[in-house]
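K.L.:
Take a look at the following structure, please.
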Amino acid sequence: MIDRKWIGHELPASVLPIERTRLQFFAKATGQPDPVYVDADAARAAGYPDLPAPPTFLFAAEMDSGVAFRMLDDLKIPIAKVLHGEQNFIYHKPACVGDTVTVRSTISDIYDKKNGALEFVVKTSRATNQHGELVAELRSVLVCRH
Amino acid sequence: MGLTDMQAAEYANIQVGAMLRAIDVPPVDRGTLALFAGASGDHNLIHLDIDVARRAGMPDVFAHGMLGMAWIGRLLTDWAPQSALRRFDVRFQGITHLGNTIRCSGTILEKLEMGGERCVRIGLNAANQYGQTKIVGEALVALR
């Protein structure tokens, strides 16, 4: 049983600088052939100041910082039992190379199904840029298999 | 341009039921997962080390859910510029295993006004070569 006291808990902020080589690596890893995601000139021609972070990239913020993994430790959830159940993004503003994005998350819910055989942790996040502007909202549902 | 191959989206020309040009991804292999672990920052060894995967009760390593979502993201940004993407929601329904060949597809579900913008709601699906659905979802895209 995951302790329900964690509902409402705020996780430490994660700061993710958007870097060109990292986005190029992400494009390679996801088989992305579109030059907008690898070539700064193509990105500028498409109206971005530089390479844009692709739609799912901001998920990396709490991976890089380790916040996502420390949360599992705090909640005493073995990582081997976790599956990703759902993921949502709401987009407000592009994040491009040169921006620094800060992700702040709250554990918004914990519940179970099948008499506790499955437990769910819902994490909601706000991603802002270096100007304090809202870039995106994220929501993750993690499933813990018992 | 047929109903099943609709690119360069403009609101007036879009019909509910039309499909986005599907994306076919090469078979998932260990190299793909290693690269995605590095690029995404998700270093969970269950996706990289067969011993760790087996201790967790899995037959072998398997794909990160977010890798599949990134592929669906490619489907969307191939169809419309990313700056037009308003929402992107998925539910992970099944594990994507080594050797799975994933096809990402999208269907226009609805034309609607949202926040003063003309938008389309797109139904999303990622399935393997056996027709087993791995990811379902929806996106909201604003159009001119």
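We name chains A, B, ... following the order of the structure tokens; residues begin at 1 in each chain, and ligands are numbered from 1 as shown.
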Neighbouring residues of Ile107 of chain A were defined as those with any atom within 9 Å, considering only C-alpha atoms; residues of the same chain fewer than 2 positions away were excluded. Please report them as an MDAnalysis selection string.
P.N.:
chainID A and resid 6:11 105 109:110 121:125
K.L.:
List the spatial neighbours of segment 102-110 of chain B as a PyMOL selection string - criterion: any atom at most 9 Å away, only C-alpha atoms, same-chain residues fewer than 3 positions off excluded.
P.N.:
chain B and resi 14-28+68+71-72+74-76+96+119-129+134-135+138
K.L.:
Hey, could you make a per-residue contact list for chain B against chain A with 9 Å as the cut-off, showing the nearest pair of atoms and its distance in Å to one decimal, counting only C-alpha atoms, sorted by chain and number, as JSON lines?
P.N.:
```
{"residue": "B:Val25", "atom": "CA", "partner": "A:Gly31", "partner_atom": "CA", "distance": 7.8}
{"residue": "B:Pro26", "atom": "CA", "partner": "A:Gly31", "partner_atom": "CA", "distance": 8.9}
{"residue": "B:Thr32", "atom": "CA", "partner": "A:Ala29", "partner_atom": "CA", "distance": 6.5}
{"residue": "B:Leu33", "atom": "CA", "partner": "A:Ala29", "partner_atom": "CA", "distance": 8.1}
{"residue": "B:Ala34", "atom": "CA", "partner": "A:Ala29", "partner_atom": "CA", "distance": 8.5}
{"residue": "B:Leu35", "atom": "CA", "partner": "A:Ala29", "partner_atom": "CA", "distance": 5.2}
{"residue": "B:Phe36", "atom": "CA", "partner": "A:Ala29", "partner_atom": "CA", "distance": 5.0}
{"residue": "B:Ala37", "atom": "CA", "partner": "A:Ala29", "partner_atom": "CA", "distance": 8.6}
{"residue": "B:Gly38", "atom": "CA", "partner": "A:Phe25", "partner_atom": "CA", "distance": 8.3}
{"residue": "B:Ala39", "atom": "CA", "partner": "A:Phe26", "partner_atom": "CA", "distance": 4.8}
{"residue": "B:Ser40", "atom": "CA", "partner": "A:Ala60", "partner_atom": "CA", "distance": 5.3}
{"residue": "B:Gly41", "atom": "CA", "partner": "A:Met63", "partner_atom": "CA", "distance": 5.1}
{"residue": "B:Asp42", "atom": "CA", "partner": "A:Met63", "partner_atom": "CA", "distance": 5.6}
{"residue": "B:His43", "atom": "CA", "partner": "A:Met63", "partner_atom": "CA", "distance": 8.0}
{"residue": "B:Asn44", "atom": "CA", "partner": "A:Ile79", "partner_atom": "CA", "distance": 7.7}
{"residue": "B:Leu45", "atom": "CA", "partner": "A:Ala80", "partner_atom": "CA", "distance": 8.8}
{"residue": "B:Ile46", "atom": "CA", "partner": "A:Ala80", "partner_atom": "CA", "distance": 6.8}
{"residue": "B:Val52", "atom": "CA", "partner": "A:Ala80", "partner_atom": "CA", "distance": 8.0}
{"residue": "B:Ala53", "atom": "CA", "partner": "A:Ala80", "partner_atom": "CA", "distance": 7.7}
{"residue": "B:Arg55", "atom": "CA", "partner": "A:Ala80", "partner_atom": "CA", "distance": 8.2}
{"residue": "B:Ala56", "atom": "CA", "partner": "A:Ala80", "partner_atom": "CA", "distance": 5.4}
{"residue": "B:Gly57", "atom": "CA", "partner": "A:Ala80", "partner_atom": "CA", "distance": 8.8}
{"residue": "B:His64", "atom": "CA", "partner": "A:His84", "partner_atom": "CA", "distance": 8.5}
{"residue": "B:Gly65", "atom": "CA", "partner": "A:His84", "partner_atom": "CA", "distance": 6.4}
{"residue": "B:Met66", "atom": "CA", "partner": "A:Thr56", "partner_atom": "CA", "distance": 7.5}
{"residue": "B:Leu67", "atom": "CA", "partner": "A:Thr30", "partner_atom": "CA", "distance": 6.8}
{"residue": "B:Gly68", "atom": "CA", "partner": "A:Thr30", "partner_atom": "CA", "distance": 8.7}
{"residue": "B:Met69", "atom": "CA", "partner": "A:Thr56", "partner_atom": "CA", "distance": 7.2}
{"residue": "B:Ala70", "atom": "CA", "partner": "A:Thr56", "partner_atom": "CA", "distance": 5.9}
{"residue": "B:Trp71", "atom": "CA", "partner": "A:Thr30", "partner_atom": "CA", "distance": 6.5}
{"residue": "B:Gly73", "atom": "CA", "partner": "A:Pro55", "partner_atom": "CA", "distance": 6.1}
{"residue": "B:Arg74", "atom": "CA", "partner": "A:Gln32", "partner_atom": "CA", "distance": 6.8}
{"residue": "B:Thr77", "atom": "CA", "partner": "A:Pro55", "partner_atom": "CA", "distance": 8.5}
{"residue": "B:Asp78", "atom": "CA", "partner": "A:Asp34", "partner_atom": "CA", "distance": 7.8}
{"residue": "B:Pro81", "atom": "CA", "partner": "A:Ala46", "partner_atom": "CA", "distance": 8.3}
{"residue": "B:Gln82", "atom": "CA", "partner": "A:Pro55", "partner_atom": "CA", "distance": 7.3}
{"residue": "B:Ser83", "atom": "CA", "partner": "A:Pro94", "partner_atom": "CA", "distance": 6.6}
{"residue": "B:Leu85", "atom": "CA", "partner": "A:Tyr91", "partner_atom": "CA", "distance": 6.8}
{"residue": "B:Arg86", "atom": "CA", "partner": "A:Tyr91", "partner_atom": "CA", "distance": 5.0}
{"residue": "B:Arg87", "atom": "CA", "partner": "A:Ile90", "partner_atom": "CA", "distance": 4.5}
{"residue": "B:Phe88", "atom": "CA", "partner": "A:Phe89", "partner_atom": "CA", "distance": 5.1}
{"residue": "B:Asp89", "atom": "CA", "partner": "A:Asn88", "partner_atom": "CA", "distance": 4.2}
{"residue": "B:Val90", "atom": "CA", "partner": "A:Gln87", "partner_atom": "CA", "distance": 5.4}
{"residue": "B:Arg91", "atom": "CA", "partner": "A:Glu86", "partner_atom": "CA", "distance": 4.3}
{"residue": "B:Phe92", "atom": "CA", "partner": "A:Gly85", "partner_atom": "CA", "distance": 5.2}
{"residue": "B:Gln93", "atom": "CA", "partner": "A:Gly85", "partner_atom": "CA", "distance": 7.5}
```
K.L.:
Work out how far atom CA of Arg126 of chain A is from atom CA of Val101 of chain A, in Å to one decimal.
P.N.:
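Computing the Euclidean distance for atom CA of Val101 of chain A and atom CA of Arg126 of chain A yields 9.8 Å.
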K.L.:
Near Glu117 of chain B, within 9 Å and counting only C-alpha atoms, which residues show up once chain neighbours fewer than 2 positions away are dropped, as a PyMOL selection string?
P.N.:
chain B and resi 112-115+119+142-144
K.L.:
May I ask for the distance between atom CA of Arg70 of chain A and atom CA of Ile18 of chain A, given in Å to one decimal place?
P.N.:
22.5 Å
K.L.:
Between atom CA of Ser108 of chain A and atom CA of Cys96 of chain A, what is the distance, to one decimal in Å?
P.N.:
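These two atoms are separated by 28.4 Å.
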K.L.:
Determine which residues of segment 19-126 of chain B receive a DSSP assignment of helix (DSSP H, G or I), computed from the backbone, and state them as JSON, numbers by chain.
P.N.:
{"B": [30, 31, 32, 33, 34, 35, 36, 37, 38, 39, 40, 45, 46, 47, 50, 51, 52, 53, 54, 55, 65, 66, 67, 68, 69, 70, 71, 72, 73, 74, 75, 76, 77, 78, 79, 82, 83, 84]}
K.L.:
DSSP on the backbone, then: every residue of chain B marked strand (DSSP E or B), written as number ranges by chain.
P.N.:
B: 19, 23-24, 62, 85-92, 97, 103-114, 117-127, 133-142
K.L.:
Could you write out that same residue set with N, CA and C atoms as a compact mmCIF listing (two decimals), in the first residue's frame?
P.N.:
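For reference, out_12.txt as written:
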```
# COMPACT_ATOMS: atom_id res chain seq x y z
N MET B 19 -7.82 10.15 -42.43
CA MET B 19 -6.69 9.61 -41.67
C MET B 19 -5.42 10.38 -41.98
N ILE B 23 2.75 6.29 -39.73
CA ILE B 23 4.20 6.14 -39.59
C ILE B 23 4.50 4.69 -39.24
N ASP B 24 5.41 4.09 -39.96
CA ASP B 24 5.85 2.73 -39.66
C ASP B 24 7.27 2.80 -39.10
N PHE B 62 11.95 -4.33 -22.68
CA PHE B 62 10.83 -3.88 -23.51
C PHE B 62 10.91 -2.36 -23.65
N LEU B 85 0.06 22.32 -32.07
CA LEU B 85 -0.36 21.24 -31.17
C LEU B 85 -0.79 21.83 -29.82
N ARG B 86 -2.01 21.55 -29.41
CA ARG B 86 -2.53 22.11 -28.16
C ARG B 86 -2.56 21.09 -27.03
N ARG B 87 -2.95 19.86 -27.36
CA ARG B 87 -3.02 18.81 -26.34
C ARG B 87 -2.54 17.51 -26.97
N PHE B 88 -1.99 16.64 -26.12
CA PHE B 88 -1.51 15.34 -26.59
C PHE B 88 -1.66 14.39 -25.41
N ASP B 89 -2.60 13.47 -25.52
CA ASP B 89 -2.94 12.58 -24.41
C ASP B 89 -2.84 11.13 -24.87
N VAL B 90 -2.18 10.30 -24.09
CA VAL B 90 -2.16 8.87 -24.44
C VAL B 90 -2.38 7.99 -23.21
N ARG B 91 -2.86 6.79 -23.51
CA ARG B 91 -2.95 5.74 -22.51
C ARG B 91 -2.14 4.56 -23.03
N PHE B 92 -1.25 4.06 -22.19
CA PHE B 92 -0.41 2.93 -22.59
C PHE B 92 -1.18 1.65 -22.28
N HIS B 97 7.18 -4.99 -27.24
CA HIS B 97 8.28 -5.93 -27.05
C HIS B 97 9.33 -5.80 -28.15
N ARG B 103 3.13 0.58 -35.97
CA ARG B 103 2.52 1.55 -36.89
C ARG B 103 1.71 2.55 -36.06
N CYS B 104 2.01 3.83 -36.29
CA CYS B 104 1.26 4.90 -35.61
C CYS B 104 0.28 5.49 -36.60
N SER B 105 -0.97 5.60 -36.17
CA SER B 105 -1.98 6.13 -37.07
C SER B 105 -2.89 7.11 -36.34
N GLY B 106 -3.53 7.96 -37.12
CA GLY B 106 -4.40 8.97 -36.54
C GLY B 106 -5.61 9.19 -37.43
N THR B 107 -6.73 9.48 -36.80
CA THR B 107 -7.99 9.70 -37.51
C THR B 107 -8.64 10.97 -36.99
N ILE B 108 -9.14 11.79 -37.91
CA ILE B 108 -9.86 13.00 -37.49
C ILE B 108 -11.19 12.59 -36.87
N LEU B 109 -11.38 12.94 -35.60
CA LEU B 109 -12.61 12.55 -34.90
C LEU B 109 -13.64 13.66 -34.91
N GLU B 110 -13.16 14.91 -34.92
CA GLU B 110 -14.10 16.02 -34.72
C GLU B 110 -13.44 17.32 -35.14
N LYS B 111 -14.24 18.22 -35.71
CA LYS B 111 -13.81 19.59 -35.94
C LYS B 111 -14.54 20.46 -34.93
N LEU B 112 -13.82 21.31 -34.25
CA LEU B 112 -14.46 22.05 -33.16
C LEU B 112 -13.74 23.38 -32.92
N GLU B 113 -14.43 24.28 -32.21
CA GLU B 113 -13.80 25.52 -31.78
C GLU B 113 -13.40 25.36 -30.33
N MET B 114 -12.19 25.79 -30.02
CA MET B 114 -11.67 25.63 -28.66
C MET B 114 -10.80 26.83 -28.36
N GLU B 117 -10.13 29.13 -31.20
CA GLU B 117 -9.40 28.61 -32.35
C GLU B 117 -10.19 27.47 -33.00
N ARG B 118 -10.03 27.36 -34.32
CA ARG B 118 -10.58 26.20 -35.00
C ARG B 118 -9.60 25.05 -34.84
N CYS B 119 -10.11 23.95 -34.33
CA CYS B 119 -9.25 22.82 -33.99
C CYS B 119 -9.81 21.52 -34.56
N VAL B 120 -8.95 20.53 -34.61
CA VAL B 120 -9.43 19.18 -34.86
C VAL B 120 -8.98 18.29 -33.71
N ARG B 121 -9.85 17.36 -33.38
CA ARG B 121 -9.53 16.33 -32.39
C ARG B 121 -9.15 15.08 -33.18
N ILE B 122 -8.00 14.54 -32.87
CA ILE B 122 -7.46 13.41 -33.63
C ILE B 122 -7.37 12.19 -32.72
N GLY B 123 -7.91 11.08 -33.16
CA GLY B 123 -7.76 9.82 -32.43
C GLY B 123 -6.44 9.18 -32.82
N LEU B 124 -5.71 8.66 -31.84
CA LEU B 124 -4.36 8.16 -32.07
C LEU B 124 -4.27 6.69 -31.69
N ASN B 125 -3.44 5.97 -32.42
CA ASN B 125 -3.27 4.54 -32.15
C ASN B 125 -1.86 4.12 -32.54
N ALA B 126 -1.27 3.27 -31.70
CA ALA B 126 -0.01 2.61 -32.07
C ALA B 126 -0.22 1.12 -31.87
N ALA B 127 0.02 0.36 -32.93
CA ALA B 127 -0.20 -1.09 -32.86
C ALA B 127 0.97 -1.81 -33.49
N THR B 133 -3.01 -3.47 -30.14
CA THR B 133 -2.87 -2.05 -29.81
C THR B 133 -1.98 -1.88 -28.59
N LYS B 134 -1.03 -0.95 -28.68
CA LYS B 134 -0.10 -0.69 -27.59
C LYS B 134 -0.40 0.65 -26.92
N ILE B 135 -0.80 1.61 -27.72
CA ILE B 135 -1.08 2.95 -27.19
C ILE B 135 -2.33 3.49 -27.90
N VAL B 136 -3.21 4.10 -27.13
CA VAL B 136 -4.31 4.86 -27.73
C VAL B 136 -4.25 6.28 -27.17
N GLY B 137 -4.82 7.20 -27.90
CA GLY B 137 -4.79 8.57 -27.39
C GLY B 137 -5.56 9.52 -28.26
N GLU B 138 -5.41 10.79 -27.91
CA GLU B 138 -6.06 11.86 -28.65
C GLU B 138 -5.13 13.07 -28.66
N ALA B 139 -5.27 13.85 -29.72
CA ALA B 139 -4.57 15.13 -29.78
C ALA B 139 -5.54 16.20 -30.23
N LEU B 140 -5.24 17.42 -29.82
CA LEU B 140 -6.00 18.59 -30.27
C LEU B 140 -5.03 19.48 -31.02
N VAL B 141 -5.36 19.77 -32.26
CA VAL B 141 -4.47 20.57 -33.12
C VAL B 141 -5.27 21.76 -33.65
N ALA B 142 -4.69 22.95 -33.54
CA ALA B 142 -5.32 24.17 -34.07
C ALA B 142 -4.93 24.32 -35.53
```
